[in-house]
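Student: Attaching a single structure in structure tokens format; questions to follow.
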Amino acid sequence: MAEIAKLELEGKVYEFPVITGSENEKAIDISNLRGETGYITLDPGFKNTGSTQSAITFLDGEKGILSYRGYSIESLAEKASFLEVSYLLVFGELPTKTQLTKFEKDIRSYSLVNEEMKDIIDGFPKTAHPMGILSSLTSALTAFNPKPVDINNETQVYNAVCKTLSKFLVLASWVHRKREGFPLNYYDNSKGYVENFLRMMFAIPTEEYKVNPVVVDALDKLLVLHADHEQNCSTSTVKIVGSSHAGLFASISAGVSALWGPLHGGANQAVIEMLEEIKADGGDVDKFILKAKDKDDPFRLMGFGHRVYKNFDPRATIIKKAADDVLKELGVKDPILDIAKKLEQVALNDEYFKARNLYPNVDFYSGIIYRALGIPTEMFTVMFAIGRLPGWISQWLEMRANKEPIGRPRQVYVGSTKREFVDISKR
Ligand code: SDX
């Protein structure tokens, strides 16, 4: 028998269907609430509100579980490449060897970015934040690819996916090169996706660039761990922009801007800046823990806490181990890793953090690896965007394929009630 929820309002009982997901999550379907009762719900930050039914990513915040299309994040981080995971997220199945080979080849075929893009990049000062440049360049892709994607045409969708994954990666590297004053590099069609990114970022024309396989593996794993995370802030932004039938590039450009915020993807940069501040201040983590607990102090422990995870973020657990492994393999000693571990230990044993279920999240350790890989701090959130790109694409396509309505929340008005206009001579 279908489960129902009853709501009593002004003496009348209303019934609403209960939706049960494939992992037994429960939701009350209030699609007809206002029509039947005249009431709406109020839920700032959508902490209790589901925006969609999705088959892409499942996470259980209480148990610290994360899976993409049913595959655990632990298994994918260990066994799958970033492009395999990208294919899985977008098309729903892990690719066969033939499909993956074709996917990689088709991505390469779109790696040339219109040369006029360089004129746009040249318009930015070297001091511009990489996320602001990347958001602008992503939106500018529409100018060079104006034809909207027919989401009912499989070939057009496939080509748009390959084009987006390809050009976004090149532009992300160009952002860094512009800021460093280096010549812009091109994709090398004989190399892999992640290796190409490192080459485009760091190869200089005067020397042969030798890519370190340890760095490629570490970066590939980090991108897998960032690839999707259900209806987070930036994905919801990509989807609400796309729900007006704005194009994929315009939607992703908006997602880049949402990810930039320090409460979201910008936290990976803020974590390193925080750890550097603690180090410069003498490494007294207790002092910063007190600041984080002080309601009168705006300081927050960056990289800690999560809207959904009220347990360990499984990605943080994997990244923390990877940080140890990568720094050891690269022979890098980074004192802020020790500070991060000490900060984690103190916080996890502190009543304030325990009472609020505040644990390290994906951003707490990722910056330490990026740093060891030679990625500049201001590029950390760009790395998050490169990882999240297949998630944004897959969620955008699912929203369009399901013909979801334009996103348009309601509100409760609390402003002035009706009043007559007063002529300026009488004000
Ligand atoms: C990401 O949604 C996703 O899935 C995001 C993400 C993804 O993959 O897309 O996982 C990526 O964005 C990870 C989060 C990165 N952000 C940070 O690390 C910034 C620091 N963290 C916080 O600002 C905060 O924890 C949020 C924004 C992540 C979550 O905030 P919520 O869910 O709105 O919780 P809240 O702000 O209401 O906090 C609840 C309580 C408050 O205290 P009380 O008012 O109850 O006394 O916990 C406190 C907060 O003050 N708190 C913190 C804290 N985080 C929450 N106190 C100190 N330091 C912190 N980091």
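In the structure tokens, the first chain shown is A, the next is B, and so on; residue numbers restart at 1 for each chain, and ligands run from 1 in the order shown.
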Compile the contact shell of Arg199 in chain A as a PyMOL selection string: residues with an atom at most 8 Å away, counting only C-alpha atoms, same-chain residues fewer than 3 positions apart removed.
Tutor: chain A and resi 185+195-196+202-203+209+211
Student: Using only C-alpha atoms, determine which residues lie at most 10 Å from Ile375 in chain A, disregarding the query and same-chain residues fewer than 6 positions distant; provide the list as number ranges by chain.
Tutor: A: 176, 198, 201-202, 367-369, 383
Student: Which residues are close to range 237-239 of chain A, i.e. within 7 Å by only C-alpha atoms, leaving aside same-chain residues fewer than 5 positions away? Reply as a PyMOL selection string.
Tutor: chain A and resi 251-252+254-255+258+392+396+399
Student: With N, CA, C and O atoms retained, export the selected residues as a PDB file, in the first residue's frame.
Tutor:
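Everything below was put into result_13.pdb:
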ATOM      1  N   SER A 251      25.323  27.548 -18.209  1.00  0.00           N
ATOM      2  CA  SER A 251      24.972  26.920 -16.933  1.00  0.00           C
ATOM      3  C   SER A 251      26.233  26.568 -16.145  1.00  0.00           C
ATOM      4  O   SER A 251      26.322  26.808 -14.945  1.00  0.00           O
ATOM      5  N   ILE A 252      27.228  26.027 -16.845  1.00  0.00           N
ATOM      6  CA  ILE A 252      28.478  25.645 -16.154  1.00  0.00           C
ATOM      7  C   ILE A 252      29.226  26.891 -15.681  1.00  0.00           C
ATOM      8  O   ILE A 252      29.794  26.920 -14.590  1.00  0.00           O
ATOM      9  N   ALA A 254      27.931  29.549 -14.573  1.00  0.00           N
ATOM     10  CA  ALA A 254      27.284  29.944 -13.304  1.00  0.00           C
ATOM     11  C   ALA A 254      27.736  29.023 -12.172  1.00  0.00           C
ATOM     12  O   ALA A 254      27.990  29.463 -11.044  1.00  0.00           O
ATOM     13  N   GLY A 255      27.894  27.740 -12.492  1.00  0.00           N
ATOM     14  CA  GLY A 255      28.346  26.774 -11.481  1.00  0.00           C
ATOM     15  C   GLY A 255      29.753  27.086 -10.996  1.00  0.00           C
ATOM     16  O   GLY A 255      30.063  26.967  -9.801  1.00  0.00           O
ATOM     17  N   ALA A 258      29.468  29.815  -8.471  1.00  0.00           N
ATOM     18  CA  ALA A 258      28.939  29.334  -7.178  1.00  0.00           C
ATOM     19  C   ALA A 258      30.018  28.553  -6.424  1.00  0.00           C
ATOM     20  O   ALA A 258      30.192  28.703  -5.215  1.00  0.00           O
ATOM     21  N   TRP A 392      28.516  18.189 -12.979  1.00  0.00           N
ATOM     22  CA  TRP A 392      27.640  19.256 -13.452  1.00  0.00           C
ATOM     23  C   TRP A 392      26.953  18.861 -14.763  1.00  0.00           C
ATOM     24  O   TRP A 392      25.745  19.016 -14.921  1.00  0.00           O
ATOM     25  N   TRP A 396      22.962  18.231 -15.199  1.00  0.00           N
ATOM     26  CA  TRP A 396      22.280  19.148 -16.115  1.00  0.00           C
ATOM     27  C   TRP A 396      21.494  18.356 -17.166  1.00  0.00           C
ATOM     28  O   TRP A 396      20.319  18.621 -17.425  1.00  0.00           O
ATOM     29  N   MET A 399      18.464  16.620 -15.621  1.00  0.00           N
ATOM     30  CA  MET A 399      17.386  17.597 -15.388  1.00  0.00           C
ATOM     31  C   MET A 399      16.640  17.884 -16.692  1.00  0.00           C
ATOM     32  O   MET A 399      15.413  17.869 -16.735  1.00  0.00           O
TER      33      MET A 399
END
Student: Please identify all polymer residues within 10 Å of range 219-222 of chain A, counting only C-alpha atoms, omitting same-chain residues fewer than 2 positions from it, and present them as an NGL selection string.
Tutor: :A and (76-83 or 193-195 or 197-198 or 213-217 or 224-227 or 315 or 318-319 or 322 or 362 or 366 or 369-370 or 373 or 383-384 or 387)
Student: Go ahead and save the residues from that selection, with N, CA, C and O atoms, as a short mmCIF file (atom, residue, chain, number, x, y, z; two decimals), in the first residue's frame.
Tutor:
data_model
loop_
_atom_site.label_atom_id
_atom_site.label_comp_id
_atom_site.auth_asym_id
_atom_site.auth_seq_id
_atom_site.Cartn_x
_atom_site.Cartn_y
_atom_site.Cartn_z
N LEU A 76 35.86 3.35 -6.79
CA LEU A 76 36.16 4.15 -7.99
C LEU A 76 37.48 4.90 -7.82
O LEU A 76 38.31 4.96 -8.73
N ALA A 77 37.72 5.44 -6.62
CA ALA A 77 38.98 6.17 -6.39
C ALA A 77 40.17 5.25 -6.55
O ALA A 77 41.23 5.63 -7.02
N GLU A 78 39.99 3.99 -6.17
CA GLU A 78 41.11 3.04 -6.23
C GLU A 78 41.29 2.44 -7.62
O GLU A 78 42.40 2.25 -8.10
N LYS A 79 40.17 2.17 -8.33
CA LYS A 79 40.25 1.34 -9.54
C LYS A 79 39.93 2.06 -10.85
O LYS A 79 40.25 1.55 -11.93
N ALA A 80 39.25 3.21 -10.80
CA ALA A 80 38.80 3.82 -12.06
C ALA A 80 39.56 5.11 -12.35
O ALA A 80 40.01 5.81 -11.45
N SER A 81 39.71 5.41 -13.64
CA SER A 81 40.33 6.69 -14.03
C SER A 81 39.25 7.77 -14.04
O SER A 81 38.05 7.47 -14.05
N PHE A 82 39.71 9.03 -14.08
CA PHE A 82 38.75 10.14 -14.06
C PHE A 82 37.85 10.09 -15.30
O PHE A 82 36.64 10.35 -15.20
N LEU A 83 38.40 9.75 -16.45
CA LEU A 83 37.55 9.70 -17.65
C LEU A 83 36.56 8.53 -17.60
O LEU A 83 35.43 8.63 -18.08
N TYR A 193 44.41 12.57 -20.65
CA TYR A 193 43.69 13.76 -20.19
C TYR A 193 44.41 14.46 -19.05
O TYR A 193 44.72 15.64 -19.12
N VAL A 194 44.72 13.73 -18.00
CA VAL A 194 45.35 14.34 -16.82
C VAL A 194 46.78 14.75 -17.12
O VAL A 194 47.24 15.84 -16.75
N GLU A 195 47.50 13.91 -17.87
CA GLU A 195 48.87 14.27 -18.23
C GLU A 195 48.87 15.55 -19.07
O GLU A 195 49.71 16.44 -18.90
N PHE A 197 46.77 17.96 -18.87
CA PHE A 197 46.55 19.14 -18.02
C PHE A 197 47.87 19.59 -17.39
O PHE A 197 48.21 20.77 -17.40
N LEU A 198 48.61 18.63 -16.88
CA LEU A 198 49.89 18.97 -16.23
C LEU A 198 50.85 19.61 -17.24
O LEU A 198 51.54 20.59 -16.93
N PRO A 213 54.64 10.15 -13.04
CA PRO A 213 53.45 9.29 -12.95
C PRO A 213 52.77 9.33 -11.58
O PRO A 213 51.56 9.18 -11.47
N VAL A 214 53.56 9.61 -10.54
CA VAL A 214 52.97 9.73 -9.19
C VAL A 214 52.01 10.93 -9.15
O VAL A 214 50.91 10.86 -8.62
N VAL A 215 52.43 12.00 -9.80
CA VAL A 215 51.60 13.21 -9.83
C VAL A 215 50.35 12.97 -10.65
O VAL A 215 49.24 13.34 -10.25
N VAL A 216 50.51 12.29 -11.79
CA VAL A 216 49.34 11.99 -12.64
C VAL A 216 48.33 11.15 -11.87
O VAL A 216 47.13 11.46 -11.83
N ASP A 217 48.82 10.09 -11.20
CA ASP A 217 47.91 9.21 -10.44
C ASP A 217 47.20 9.97 -9.33
O ASP A 217 46.00 9.82 -9.11
N VAL A 224 38.60 12.23 -9.49
CA VAL A 224 37.53 11.25 -9.27
C VAL A 224 36.74 11.59 -8.01
O VAL A 224 35.51 11.59 -7.99
N LEU A 225 37.47 11.96 -6.96
CA LEU A 225 36.81 12.23 -5.66
C LEU A 225 35.94 13.48 -5.70
O LEU A 225 35.06 13.65 -4.86
N HIS A 226 36.21 14.36 -6.66
CA HIS A 226 35.44 15.62 -6.74
C HIS A 226 34.35 15.57 -7.80
O HIS A 226 33.63 16.55 -8.00
N ALA A 227 34.21 14.43 -8.50
CA ALA A 227 33.44 14.39 -9.76
C ALA A 227 31.96 14.71 -9.62
O ALA A 227 31.37 15.29 -10.52
N ARG A 315 35.44 11.14 1.33
CA ARG A 315 36.47 11.66 0.42
C ARG A 315 37.66 12.18 1.23
O ARG A 315 38.81 12.02 0.84
N ILE A 318 39.92 9.36 2.29
CA ILE A 318 40.77 8.86 1.18
C ILE A 318 41.87 9.87 0.88
O ILE A 318 43.05 9.51 0.73
N ILE A 319 41.51 11.16 0.88
CA ILE A 319 42.50 12.20 0.54
C ILE A 319 43.57 12.31 1.63
O ILE A 319 44.75 12.51 1.35
N ALA A 322 45.96 9.67 0.97
CA ALA A 322 46.68 9.99 -0.27
C ALA A 322 47.72 11.08 -0.02
O ALA A 322 48.81 11.06 -0.58
N VAL A 362 35.91 17.33 2.23
CA VAL A 362 36.77 17.06 1.06
C VAL A 362 37.86 18.12 0.90
O VAL A 362 38.95 17.84 0.40
N SER A 366 42.75 18.32 0.61
CA SER A 366 43.05 18.29 -0.84
C SER A 366 44.11 19.33 -1.20
O SER A 366 45.02 19.04 -1.99
N ILE A 369 47.72 18.26 -1.06
CA ILE A 369 48.22 17.46 -2.21
C ILE A 369 48.44 18.37 -3.41
O ILE A 369 49.50 18.33 -4.06
N TYR A 370 47.48 19.25 -3.67
CA TYR A 370 47.64 20.17 -4.82
C TYR A 370 48.97 20.92 -4.69
O TYR A 370 49.72 21.08 -5.63
N LEU A 373 51.84 18.95 -5.58
CA LEU A 373 51.89 18.71 -7.04
C LEU A 373 52.34 19.96 -7.79
O LEU A 373 52.43 19.96 -9.01
N MET A 383 40.90 23.46 -9.73
CA MET A 383 41.07 22.00 -9.72
C MET A 383 39.75 21.33 -9.30
O MET A 383 39.34 20.32 -9.86
N PHE A 384 39.09 21.92 -8.32
CA PHE A 384 37.79 21.38 -7.88
C PHE A 384 36.81 21.43 -9.06
O PHE A 384 36.10 20.47 -9.35
N GLY A 387 37.39 18.75 -11.60
CA GLY A 387 36.86 17.47 -11.09
C GLY A 387 35.35 17.43 -11.15
O GLY A 387 34.77 16.42 -11.57
#
Student: Which is closer to ligand 1 than all the others in A:Glu104, A:Glu276, A:Asp313, A:Asp284, using only C-alpha atoms and all ligand atoms?
Tutor: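 So, comparing all the options, the nearest one is A:Asp313.
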Student: I want to know what sits within 7 Å of Tyr359 in chain A, based on only C-alpha atoms, with residues of the same chain fewer than 5 positions away left out; could you give that as a PyMOL selection string?
Tutor: chain A and resi 304-305+311-312+348
Student: Looking only at the backbone, which of the residues in range 297-348 of chain A does DSSP tag as alpha helix (DSSP H), as a PyMOL selection string?
Tutor: chain A and resi 314-330+335-348
Student: Quick one: everything within 12 Å of range 410-417 of chain A, counting only C-alpha atoms, minus sequence neighbours fewer than 3 positions away in the same chain. Send it as a list in words.
Tutor: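 Final neighbour list, sorted by chain and number: Arg34, Tyr39, Ile40, Thr41, Leu42, Asp43, Pro44, Gly407 and Glu420 of chain A.
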Student: Just the number, please: distance in Å from CA of Ala128 in chain A to CA of Arg179 in chain A, one decimal.
Tutor: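 For CA of Ala128 in chain A relative to CA of Arg179 in chain A, the distance reads 7.9 Å.
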Student: I'd like the interatomic distance between CA of Lys293 in chain A and atom 13 (C, counted along the ligand's line) of ligand 1, to a tenth of an Å.
Tutor: 18.8 Å
Student: Name all residues at most 8 Å from Ala250 in chain A (count only C-alpha atoms; drop same-chain ones fewer than 4 positions away) and give them as a PyMOL selection string.
Tutor: chain A and resi 138-139+142+241+246+254
Student: Using only C-alpha atoms and all ligand atoms, pick whichever of A:Leu337, A:Ile406, A:Ala316, A:Val326 has the shortest atom-to-atom distance to ligand 1.
Tutor: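 Among the listed residues, A:Ala316 lies closest to ligand 1.
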